[in-house]
$ cat upload.txt   # compact mmCIF, C-alpha atoms
# COMPACT_ATOMS: atom_id res chain seq x y z
CA MET A 978 -48.54 -15.20 -34.30
CA PHE A 979 -46.12 -12.48 -33.43
CA GLN A 980 -47.33 -9.33 -31.73
CA THR A 981 -47.11 -6.04 -33.60
CA ARG A 982 -47.28 -2.40 -32.58
CA VAL A 983 -50.40 -0.37 -33.24
CA SER A 984 -51.47 3.19 -32.63
CA LYS A 985 -51.90 4.39 -29.07
CA SER A 986 -55.65 4.58 -29.46
CA VAL A 987 -55.81 0.80 -29.73
CA LEU A 988 -54.77 -1.71 -27.12
CA VAL A 989 -51.85 -3.79 -28.29
CA SER A 990 -51.03 -7.22 -27.33
CA LEU A 991 -49.07 -6.79 -24.40
CA ILE A 992 -46.75 -6.61 -23.98
CA MET A 993 -46.62 -9.13 -26.66
CA ALA A 994 -44.79 -7.80 -25.36
CA GLY A 995 -43.99 -10.37 -24.60
CA PHE A 996 -44.47 -10.53 -22.07
CA LEU A 997 -42.38 -9.83 -19.79
CA SER A 998 -40.61 -11.72 -17.24
CA ALA A 999 -36.92 -11.30 -17.64
CA ALA A 1000 -36.00 -13.83 -15.01
CA PRO A 1001 -33.58 -16.44 -16.38
CA VAL A 1002 -34.40 -19.09 -13.82
CA PHE A 1003 -37.50 -20.83 -12.54
CA ALA A 1004 -36.35 -21.36 -8.97
CA GLU A 1005 -38.43 -18.44 -7.67
CA MET A 1006 -41.67 -19.73 -9.19
CA THR A 1007 -44.03 -22.57 -8.41
CA ASP A 1008 -44.83 -25.25 -10.98
CA GLU A 1009 -48.22 -23.60 -11.53
CA VAL A 1010 -46.66 -20.24 -12.43
CA ILE A 1011 -44.07 -21.89 -14.67
CA SER A 1012 -46.95 -23.60 -16.46
CA VAL A 1013 -48.68 -20.25 -17.01
CA GLN A 1014 -45.45 -18.78 -18.34
CA LYS A 1015 -44.93 -21.62 -20.83
CA GLN A 1016 -48.55 -21.69 -21.95
CA TRP A 1017 -48.45 -17.94 -22.52
CA ALA A 1018 -45.41 -18.26 -24.79
CA GLU A 1019 -46.99 -21.07 -26.80
CA ILE A 1020 -50.28 -19.21 -27.26
CA ASN A 1021 -48.61 -15.93 -28.08
CA TYR A 1022 -45.99 -17.21 -30.52
CA ARG A 1023 -47.00 -20.65 -31.75
CA VAL A 1024 -50.81 -20.97 -31.77
CA GLU A 1025 -52.80 -19.78 -34.78
CA HIS A 1026 -54.98 -16.74 -34.13
CA ASP A 1027 -58.25 -18.60 -34.59
CA ASP A 1028 -57.23 -21.14 -31.96
CA GLN A 1029 -56.00 -18.67 -29.37
CA GLU A 1030 -59.32 -17.75 -27.78
CA ALA A 1031 -59.97 -21.12 -26.16
CA ARG A 1032 -56.41 -21.35 -24.90
CA TYR A 1033 -56.55 -17.86 -23.44
CA GLN A 1034 -59.81 -18.64 -21.65
CA THR A 1035 -58.22 -21.67 -20.00
CA LEU A 1036 -55.23 -19.61 -18.93
CA LEU A 1037 -57.41 -16.79 -17.61
CA SER A 1038 -59.32 -19.31 -15.50
CA GLU A 1039 -56.08 -20.63 -14.05
CA CYS A 1040 -55.07 -17.09 -13.18
CA GLU A 1041 -58.29 -16.54 -11.26
CA GLN A 1042 -57.17 -19.26 -8.86
CA LEU A 1043 -53.49 -18.32 -8.80
CA THR A 1044 -54.16 -14.70 -7.85
CA ALA A 1045 -56.69 -15.42 -5.12
CA PRO A 1046 -55.80 -13.37 -2.00
CA ASP A 1047 -55.07 -16.41 0.14
CA GLN A 1048 -52.50 -18.01 -2.13
CA ALA A 1049 -51.07 -15.47 -4.56
CA SER A 1050 -47.32 -15.05 -4.87
CA VAL A 1051 -45.76 -11.98 -6.43
CA GLU A 1052 -44.63 -14.13 -9.37
CA SER A 1053 -48.15 -15.41 -10.00
CA VAL A 1054 -49.56 -11.89 -9.83
CA ILE A 1055 -47.01 -10.63 -12.37
CA TRP A 1056 -47.56 -13.46 -14.79
CA CYS A 1057 -51.32 -13.32 -14.56
CA GLY A 1058 -51.09 -9.59 -15.23
CA ILE A 1059 -49.11 -10.44 -18.34
CA VAL A 1060 -51.75 -12.93 -19.42
CA ARG A 1061 -54.56 -10.43 -18.88
CA SER A 1062 -52.74 -7.61 -20.64
CA THR A 1063 -51.93 -9.82 -23.61
CA TYR A 1064 -55.53 -10.96 -23.81
CA ALA A 1065 -56.58 -7.32 -23.80
CA GLY A 1066 -54.48 -6.81 -26.91
CA TYR A 1067 -55.85 -9.97 -28.49
CA THR A 1068 -59.44 -8.85 -27.82
CA GLY A 1069 -58.91 -5.27 -28.98
CA GLY A 1070 -61.17 -2.25 -28.84
CA LEU A 1071 -62.92 -0.77 -25.85
CA GLY A 1072 -63.98 -4.22 -24.69
CA ALA A 1073 -60.34 -4.90 -23.91
CA LEU A 1074 -60.22 -2.17 -21.27
CA LYS A 1075 -61.64 -4.53 -18.66
CA TYR A 1076 -58.61 -6.77 -18.95
CA ALA A 1077 -56.19 -3.87 -19.24
CA LYS A 1078 -57.51 -2.50 -15.96
CA MET A 1079 -57.24 -5.92 -14.34
CA ALA A 1080 -53.65 -6.19 -15.53
CA LYS A 1081 -52.87 -2.73 -14.18
CA ALA A 1082 -54.22 -3.80 -10.79
CA ASP A 1083 -52.09 -6.95 -10.93
CA PHE A 1084 -48.89 -5.04 -11.66
CA GLU A 1085 -49.60 -2.45 -8.99
CA ARG A 1086 -50.25 -5.25 -6.53
CA ALA A 1087 -46.96 -6.89 -7.51
CA LEU A 1088 -45.07 -3.65 -6.96
CA LYS A 1089 -46.45 -3.45 -3.43
CA LEU A 1090 -45.41 -7.05 -2.75
CA ASP A 1091 -41.92 -6.83 -4.26
CA GLY A 1092 -41.03 -4.46 -7.07
CA GLU A 1093 -37.77 -6.26 -7.76
CA ALA A 1094 -39.38 -9.65 -8.32
CA LEU A 1095 -38.61 -11.25 -11.69
CA ASN A 1096 -36.00 -8.58 -12.30
CA GLY A 1097 -38.49 -5.74 -12.15
CA SER A 1098 -40.91 -7.18 -14.71
CA ALA A 1099 -43.89 -5.49 -13.06
CA TYR A 1100 -42.35 -2.08 -13.80
CA THR A 1101 -41.75 -2.94 -17.45
CA SER A 1102 -45.20 -4.46 -17.86
CA LEU A 1103 -47.00 -1.57 -16.20
CA GLY A 1104 -44.97 0.96 -18.16
CA THR A 1105 -45.93 -0.71 -21.40
CA LEU A 1106 -49.57 -0.66 -20.39
CA TYR A 1107 -49.38 3.06 -19.69
CA SER A 1108 -47.82 3.63 -23.12
CA LYS A 1109 -50.32 1.53 -25.07
CA VAL A 1110 -53.78 2.20 -23.69
CA PRO A 1111 -55.67 5.40 -24.52
CA GLY A 1112 -55.42 8.30 -22.10
CA TRP A 1113 -58.14 10.04 -20.11
CA PRO A 1114 -61.12 10.09 -20.39
CA ILE A 1115 -61.18 6.71 -22.13
CA ALA A 1116 -58.54 4.94 -20.06
CA PHE A 1117 -55.41 5.47 -17.97
CA GLY A 1118 -52.70 5.86 -20.62
CA SER A 1119 -49.85 8.24 -19.79
CA ASP A 1120 -46.51 8.71 -21.56
CA LYS A 1121 -45.04 10.33 -18.45
CA LYS A 1122 -45.91 7.39 -16.23
CA ALA A 1123 -44.88 4.96 -18.96
CA GLU A 1124 -41.38 6.40 -19.20
CA LYS A 1125 -40.95 6.39 -15.43
CA MET A 1126 -41.92 2.73 -15.15
CA LEU A 1127 -39.98 1.59 -18.20
CA LEU A 1128 -36.83 3.33 -17.01
CA LYS A 1129 -37.17 1.63 -13.64
CA GLY A 1130 -37.49 -1.69 -15.43
CA VAL A 1131 -34.26 -1.05 -17.31
CA GLU A 1132 -32.56 0.02 -14.09
CA LEU A 1133 -33.49 -3.27 -12.42
CA ASN A 1134 -32.69 -5.37 -15.48
CA PRO A 1135 -30.17 -3.43 -17.58
CA THR A 1136 -29.26 -6.33 -19.87
CA GLY A 1137 -32.72 -7.92 -20.17
CA ILE A 1138 -34.31 -8.60 -23.52
CA ASP A 1139 -37.78 -7.42 -22.50
CA SER A 1140 -36.85 -4.38 -20.44
CA ASN A 1141 -34.69 -3.02 -23.26
CA TYR A 1142 -37.08 -3.96 -26.04
CA PHE A 1143 -40.10 -2.27 -24.55
CA TYR A 1144 -38.20 0.86 -23.61
CA ALA A 1145 -36.81 0.98 -27.16
CA GLU A 1146 -40.32 0.67 -28.55
CA PHE A 1147 -41.51 3.51 -26.34
CA LEU A 1148 -38.59 5.71 -27.42
CA PHE A 1149 -39.34 5.06 -31.06
CA GLU A 1150 -42.96 6.02 -30.56
CA GLN A 1151 -41.70 9.26 -29.00
CA GLY A 1152 -39.59 9.96 -32.09
CA GLU A 1153 -36.22 9.17 -30.46
CA LYS A 1154 -34.97 6.77 -33.11
CA GLU A 1155 -31.25 6.78 -32.37
CA THR A 1156 -31.69 6.13 -28.67
CA ALA A 1157 -34.28 3.47 -29.44
CA LEU A 1158 -31.77 1.62 -31.61
CA GLN A 1159 -29.24 1.65 -28.78
CA TYR A 1160 -31.67 -0.11 -26.47
CA LEU A 1161 -32.67 -2.53 -29.21
CA ASP A 1162 -29.02 -3.49 -29.58
CA LYS A 1163 -28.93 -4.29 -25.86
CA ALA A 1164 -32.07 -6.36 -26.18
CA LYS A 1165 -30.66 -8.28 -29.12
CA LEU A 1166 -27.53 -9.19 -27.15
CA ALA A 1167 -29.42 -10.37 -24.07
CA ASP A 1168 -28.44 -13.79 -22.74
CA PRO A 1169 -30.82 -16.66 -23.58
CA ARG A 1170 -33.27 -17.53 -20.81
CA PRO A 1171 -33.24 -21.24 -19.97
CA GLY A 1172 -36.70 -22.71 -20.35
CA ARG A 1173 -37.95 -19.68 -22.27
CA GLU A 1174 -36.73 -20.55 -25.74
CA ILE A 1175 -40.08 -19.89 -27.44
CA ALA A 1176 -40.40 -16.46 -25.84
CA ASP A 1177 -36.81 -15.58 -26.71
CA GLN A 1178 -37.26 -16.57 -30.35
CA GLY A 1179 -40.45 -14.55 -30.58
CA ARG A 1180 -38.93 -11.48 -28.97
CA GLN A 1181 -35.84 -11.61 -31.18
CA ALA A 1182 -38.13 -11.66 -34.22
CA GLU A 1183 -39.93 -8.59 -32.86
CA ILE A 1184 -36.60 -6.86 -32.32
CA GLU A 1185 -35.69 -7.39 -35.97
CA VAL A 1186 -39.05 -6.05 -37.13
CA LEU A 1187 -38.72 -2.93 -35.00
CA GLN A 1188 -35.13 -2.33 -36.12
CA LYS A 1189 -36.19 -2.45 -39.75
CA GLU A 1190 -39.08 -0.09 -39.09
CA ILE A 1191 -36.81 2.41 -37.36
CA THR A 1192 -34.12 2.34 -40.04
CA SER A 1193 -36.38 2.24 -43.09

$ encode --input "upload.txt" --output "structure tokens"
Amino acid sequence: MFQTRVSKSVLVSLIMAGFLSAAPVFAEMTDEVISVQKQWAEINYRVEHDDQEARYQTLLSECEQLTAPDQASVESVIWCGIVRSTYAGYTGGLGALKYAKMAKADFERALKLDGEALNGSAYTSLGTLYSKVPGWPIAFGSDKKAEKMLLKGVELNPTGIDSNYFYAEFLFEQGEKETALQYLDKAKLADPRPGREIADQGRQAEIEVLQKEITS
């Protein structure tokens, strides 16, 4: 199941989006984090919707252990934030806010540990969260904060598929179609990420869908 965009009043599957590590190598991550990354891609792009819940619950349980204060790495915090944010989108509605808030805390924690980890994925992920969740008083959504974070993500990973895709999506939602297409072109030309073939295929499909929506 590929992720799709929805209105700002509804939590989307984050960052789907994908989500979001742009790192082309696994050397920085432990086997446990690599496993989370691969499982996330399979659930997000290959598992049927009705079968996703059980797989997500297993992954969320793994993340509880991986992000424990005594053993968490910045990479595990980022990826578990991605898992939680994606599950928020899968769950939908106000009930998803719990996981969106947990993901926000994960990304903020990662930024304090090392904002440049995984090519700035925490910035891109947090920016997408800010752009997708409702604003005050329901939640913490903010276009201003979203743009700031997404731009930082592009700055740290100017040729990345995720950083450019999510900034393009944000620009389109702001009505800036031409600029959005420019960033989508960059995303489409991003180098393949070894070991992340499923995620790359899924993201490229999302790029095509968004391009058609912008140009239609």

$ residues_around --input "upload.txt" --residues "Asp1177 of chain A" --least-positions-apart "2" --cutoff "10 Å" --atoms "only C-alpha atoms" --output "list in words"
Gly995, Ala1018, Ile1138, Asp1139, Lys1165, Ala1167, Asp1168, Pro1169, Arg1170, Pro1171, Gly1172, Arg1173, Glu1174, Ile1175, Gly1179, Arg1180, Gln1181, Ala1182 and Glu1183 of chain A

$ closest_atom_pairs --input "upload.txt" --of "segment 1032-1070 of chain A" --to "segment 1108-1125 of chain A" --cutoff "12 Å" --atoms "only C-alpha atoms" --output "JSON lines"
{"residue": "A:Ser1062", "atom": "CA", "partner": "A:Val1110", "partner_atom": "CA", "distance": 10.3}
{"residue": "A:Thr1063", "atom": "CA", "partner": "A:Lys1109", "partner_atom": "CA", "distance": 11.6}
{"residue": "A:Ala1065", "atom": "CA", "partner": "A:Val1110", "partner_atom": "CA", "distance": 9.9}
{"residue": "A:Gly1066", "atom": "CA", "partner": "A:Lys1109", "partner_atom": "CA", "distance": 9.5}
{"residue": "A:Gly1069", "atom": "CA", "partner": "A:Val1110", "partner_atom": "CA", "distance": 10.5}
{"residue": "A:Gly1070", "atom": "CA", "partner": "A:Val1110", "partner_atom": "CA", "distance": 10.0}

$ residues_around --input "upload.txt" --residues "segment 1048-1059 of chain A" --least-positions-apart "5" --cutoff "6 Å" --atoms "only C-alpha atoms" --output "VMD selection string"
chain A and resid 996 1010 1040 1043 1080 1083 to 1084 1087

$ write_last_selection --input "upload.txt" --atoms "C-alpha atoms" --output "mmCIF file, in the coordinates of the input"
data_model
loop_
_atom_site.group_PDB
_atom_site.id
_atom_site.type_symbol
_atom_site.label_atom_id
_atom_site.label_comp_id
_atom_site.auth_asym_id
_atom_site.auth_seq_id
_atom_site.Cartn_x
_atom_site.Cartn_y
_atom_site.Cartn_z
ATOM 1 C CA PHE A 996 -44.470 -10.530 -22.070
ATOM 2 C CA VAL A 1010 -46.660 -20.240 -12.430
ATOM 3 C CA CYS A 1040 -55.070 -17.090 -13.180
ATOM 4 C CA LEU A 1043 -53.490 -18.320 -8.800
ATOM 5 C CA ALA A 1080 -53.650 -6.190 -15.530
ATOM 6 C CA ASP A 1083 -52.090 -6.950 -10.930
ATOM 7 C CA PHE A 1084 -48.890 -5.040 -11.660
ATOM 8 C CA ALA A 1087 -46.960 -6.890 -7.510
#

$ closest_residue --input "upload.txt" --among "A:Ser1012, A:Thr1068, A:Asn1141, A:Thr1007" --to "Asp1027 of chain A" --atoms "all atoms listed in the file"
A:Thr1068

$ residues_around --input "upload.txt" --residues "segment 1150-1161 of chain A" --least-positions-apart "4" --cutoff "7 Å" --atoms "only C-alpha atoms" --output "PyMOL selection string"
chain A and resi 1141-1142+1145-1146+1165+1184+1188+1191

$ closest_residue --input "upload.txt" --among "A:Asn1096, A:Met1079, A:Phe1149, A:Asp1091" --to "Glu1190 of chain A" --atoms "all atoms listed in the file"
A:Phe1149

$ decode --input "upload.txt" --residues "segment 1091-1123 of chain A" --atoms "N, CA and C atoms" --output "PDB file, in the first residue's frame"
ATOM      1  N   ASP A1091      22.212  14.559  17.526  1.00  0.00           N
ATOM      2  CA  ASP A1091      23.015  14.833  16.331  1.00  0.00           C
ATOM      3  C   ASP A1091      22.080  15.142  15.178  1.00  0.00           C
ATOM      4  N   GLY A1092      21.878  16.403  14.900  1.00  0.00           N
ATOM      5  CA  GLY A1092      20.955  16.813  13.850  1.00  0.00           C
ATOM      6  C   GLY A1092      21.367  16.384  12.458  1.00  0.00           C
ATOM      7  N   GLU A1093      22.643  16.090  12.267  1.00  0.00           N
ATOM      8  CA  GLU A1093      23.113  15.699  10.936  1.00  0.00           C
ATOM      9  C   GLU A1093      23.083  14.195  10.716  1.00  0.00           C
ATOM     10  N   ALA A1094      22.685  13.450  11.716  1.00  0.00           N
ATOM     11  CA  ALA A1094      22.624  11.990  11.575  1.00  0.00           C
ATOM     12  C   ALA A1094      21.673  11.590  10.459  1.00  0.00           C
ATOM     13  N   LEU A1095      22.032  10.516   9.747  1.00  0.00           N
ATOM     14  CA  LEU A1095      21.228  10.030   8.627  1.00  0.00           C
ATOM     15  C   LEU A1095      20.883  11.158   7.662  1.00  0.00           C
ATOM     16  N   ASN A1096      21.897  11.977   7.398  1.00  0.00           N
ATOM     17  CA  ASN A1096      21.753  13.074   6.431  1.00  0.00           C
ATOM     18  C   ASN A1096      20.607  14.029   6.765  1.00  0.00           C
ATOM     19  N   GLY A1097      20.421  14.268   8.052  1.00  0.00           N
ATOM     20  CA  GLY A1097      19.416  15.252   8.454  1.00  0.00           C
ATOM     21  C   GLY A1097      17.989  14.755   8.411  1.00  0.00           C
ATOM     22  N   SER A1098      17.801  13.436   8.483  1.00  0.00           N
ATOM     23  CA  SER A1098      16.447  12.878   8.372  1.00  0.00           C
ATOM     24  C   SER A1098      15.506  13.363   9.474  1.00  0.00           C
ATOM     25  N   ALA A1099      16.046  13.648  10.648  1.00  0.00           N
ATOM     26  CA  ALA A1099      15.177  14.117  11.733  1.00  0.00           C
ATOM     27  C   ALA A1099      14.531  15.452  11.370  1.00  0.00           C
ATOM     28  N   TYR A1100      15.266  16.311  10.668  1.00  0.00           N
ATOM     29  CA  TYR A1100      14.695  17.593  10.250  1.00  0.00           C
ATOM     30  C   TYR A1100      13.553  17.375   9.253  1.00  0.00           C
ATOM     31  N   THR A1101      13.803  16.522   8.264  1.00  0.00           N
ATOM     32  CA  THR A1101      12.776  16.259   7.262  1.00  0.00           C
ATOM     33  C   THR A1101      11.550  15.616   7.885  1.00  0.00           C
ATOM     34  N   SER A1102      11.780  14.666   8.772  1.00  0.00           N
ATOM     35  CA  SER A1102      10.665  13.958   9.400  1.00  0.00           C
ATOM     36  C   SER A1102       9.842  14.882  10.292  1.00  0.00           C
ATOM     37  N   LEU A1103      10.530  15.690  11.085  1.00  0.00           N
ATOM     38  CA  LEU A1103       9.827  16.608  11.971  1.00  0.00           C
ATOM     39  C   LEU A1103       9.098  17.680  11.165  1.00  0.00           C
ATOM     40  N   GLY A1104       9.721  18.153  10.101  1.00  0.00           N
ATOM     41  CA  GLY A1104       9.066  19.142   9.251  1.00  0.00           C
ATOM     42  C   GLY A1104       7.795  18.611   8.626  1.00  0.00           C
ATOM     43  N   THR A1105       7.829  17.353   8.221  1.00  0.00           N
ATOM     44  CA  THR A1105       6.642  16.753   7.638  1.00  0.00           C
ATOM     45  C   THR A1105       5.545  16.599   8.680  1.00  0.00           C
ATOM     46  N   LEU A1106       5.932  16.238   9.885  1.00  0.00           N
ATOM     47  CA  LEU A1106       4.947  16.159  10.968  1.00  0.00           C
ATOM     48  C   LEU A1106       4.267  17.508  11.186  1.00  0.00           C
ATOM     49  N   TYR A1107       5.073  18.557  11.268  1.00  0.00           N
ATOM     50  CA  TYR A1107       4.514  19.893  11.469  1.00  0.00           C
ATOM     51  C   TYR A1107       3.540  20.267  10.347  1.00  0.00           C
ATOM     52  N   SER A1108       3.811  19.807   9.142  1.00  0.00           N
ATOM     53  CA  SER A1108       2.967  20.178   8.002  1.00  0.00           C
ATOM     54  C   SER A1108       1.694  19.355   7.914  1.00  0.00           C
ATOM     55  N   LYS A1109       1.676  18.186   8.549  1.00  0.00           N
ATOM     56  CA  LYS A1109       0.557  17.265   8.369  1.00  0.00           C
ATOM     57  C   LYS A1109      -0.454  17.242   9.510  1.00  0.00           C
ATOM     58  N   VAL A1110       0.018  17.448  10.732  1.00  0.00           N
ATOM     59  CA  VAL A1110      -0.933  17.368  11.843  1.00  0.00           C
ATOM     60  C   VAL A1110      -1.717  18.679  11.956  1.00  0.00           C
ATOM     61  N   PRO A1111      -2.884  18.632  12.573  1.00  0.00           N
ATOM     62  CA  PRO A1111      -3.660  19.862  12.770  1.00  0.00           C
ATOM     63  C   PRO A1111      -2.903  20.845  13.671  1.00  0.00           C
ATOM     64  N   GLY A1112      -3.228  22.095  13.541  1.00  0.00           N
ATOM     65  CA  GLY A1112      -2.616  23.119  14.384  1.00  0.00           C
ATOM     66  C   GLY A1112      -3.319  23.247  15.725  1.00  0.00           C
ATOM     67  N   TRP A1113      -2.887  24.256  16.488  1.00  0.00           N
ATOM     68  CA  TRP A1113      -3.499  24.533  17.790  1.00  0.00           C
ATOM     69  C   TRP A1113      -4.975  24.906  17.582  1.00  0.00           C
ATOM     70  N   PRO A1114      -5.884  24.485  18.441  1.00  0.00           N
ATOM     71  CA  PRO A1114      -5.660  23.855  19.751  1.00  0.00           C
ATOM     72  C   PRO A1114      -5.694  22.337  19.727  1.00  0.00           C
ATOM     73  N   ILE A1115      -5.859  21.750  18.531  1.00  0.00           N
ATOM     74  CA  ILE A1115      -5.955  20.293  18.455  1.00  0.00           C
ATOM     75  C   ILE A1115      -4.586  19.635  18.609  1.00  0.00           C
ATOM     76  N   ALA A1116      -3.615  20.185  17.881  1.00  0.00           N
ATOM     77  CA  ALA A1116      -2.282  19.564  17.903  1.00  0.00           C
ATOM     78  C   ALA A1116      -1.219  20.643  17.689  1.00  0.00           C
ATOM     79  N   PHE A1117      -0.066  20.245  17.176  1.00  0.00           N
ATOM     80  CA  PHE A1117       1.087  21.142  17.108  1.00  0.00           C
ATOM     81  C   PHE A1117       1.455  21.554  15.683  1.00  0.00           C
ATOM     82  N   GLY A1118       0.577  21.330  14.723  1.00  0.00           N
ATOM     83  CA  GLY A1118       0.889  21.657  13.340  1.00  0.00           C
ATOM     84  C   GLY A1118       1.258  23.123  13.146  1.00  0.00           C
ATOM     85  N   SER A1119       2.218  23.363  12.228  1.00  0.00           N
ATOM     86  CA  SER A1119       2.665  24.729  11.956  1.00  0.00           C
ATOM     87  C   SER A1119       3.380  24.767  10.615  1.00  0.00           C
ATOM     88  N   ASP A1120       2.820  25.506   9.655  1.00  0.00           N
ATOM     89  CA  ASP A1120       3.474  25.624   8.351  1.00  0.00           C
ATOM     90  C   ASP A1120       4.823  26.329   8.457  1.00  0.00           C
ATOM     91  N   LYS A1121       4.906  27.311   9.334  1.00  0.00           N
ATOM     92  CA  LYS A1121       6.158  28.055   9.503  1.00  0.00           C
ATOM     93  C   LYS A1121       7.272  27.142   9.996  1.00  0.00           C
ATOM     94  N   LYS A1122       6.986  26.358  11.016  1.00  0.00           N
ATOM     95  CA  LYS A1122       7.982  25.433  11.538  1.00  0.00           C
ATOM     96  C   LYS A1122       8.278  24.332  10.538  1.00  0.00           C
ATOM     97  N   ALA A1123       7.237  23.898   9.809  1.00  0.00           N
ATOM     98  CA  ALA A1123       7.424  22.855   8.807  1.00  0.00           C
ATOM     99  C   ALA A1123       8.427  23.297   7.743  1.00  0.00           C
TER     100      ALA A1123
END
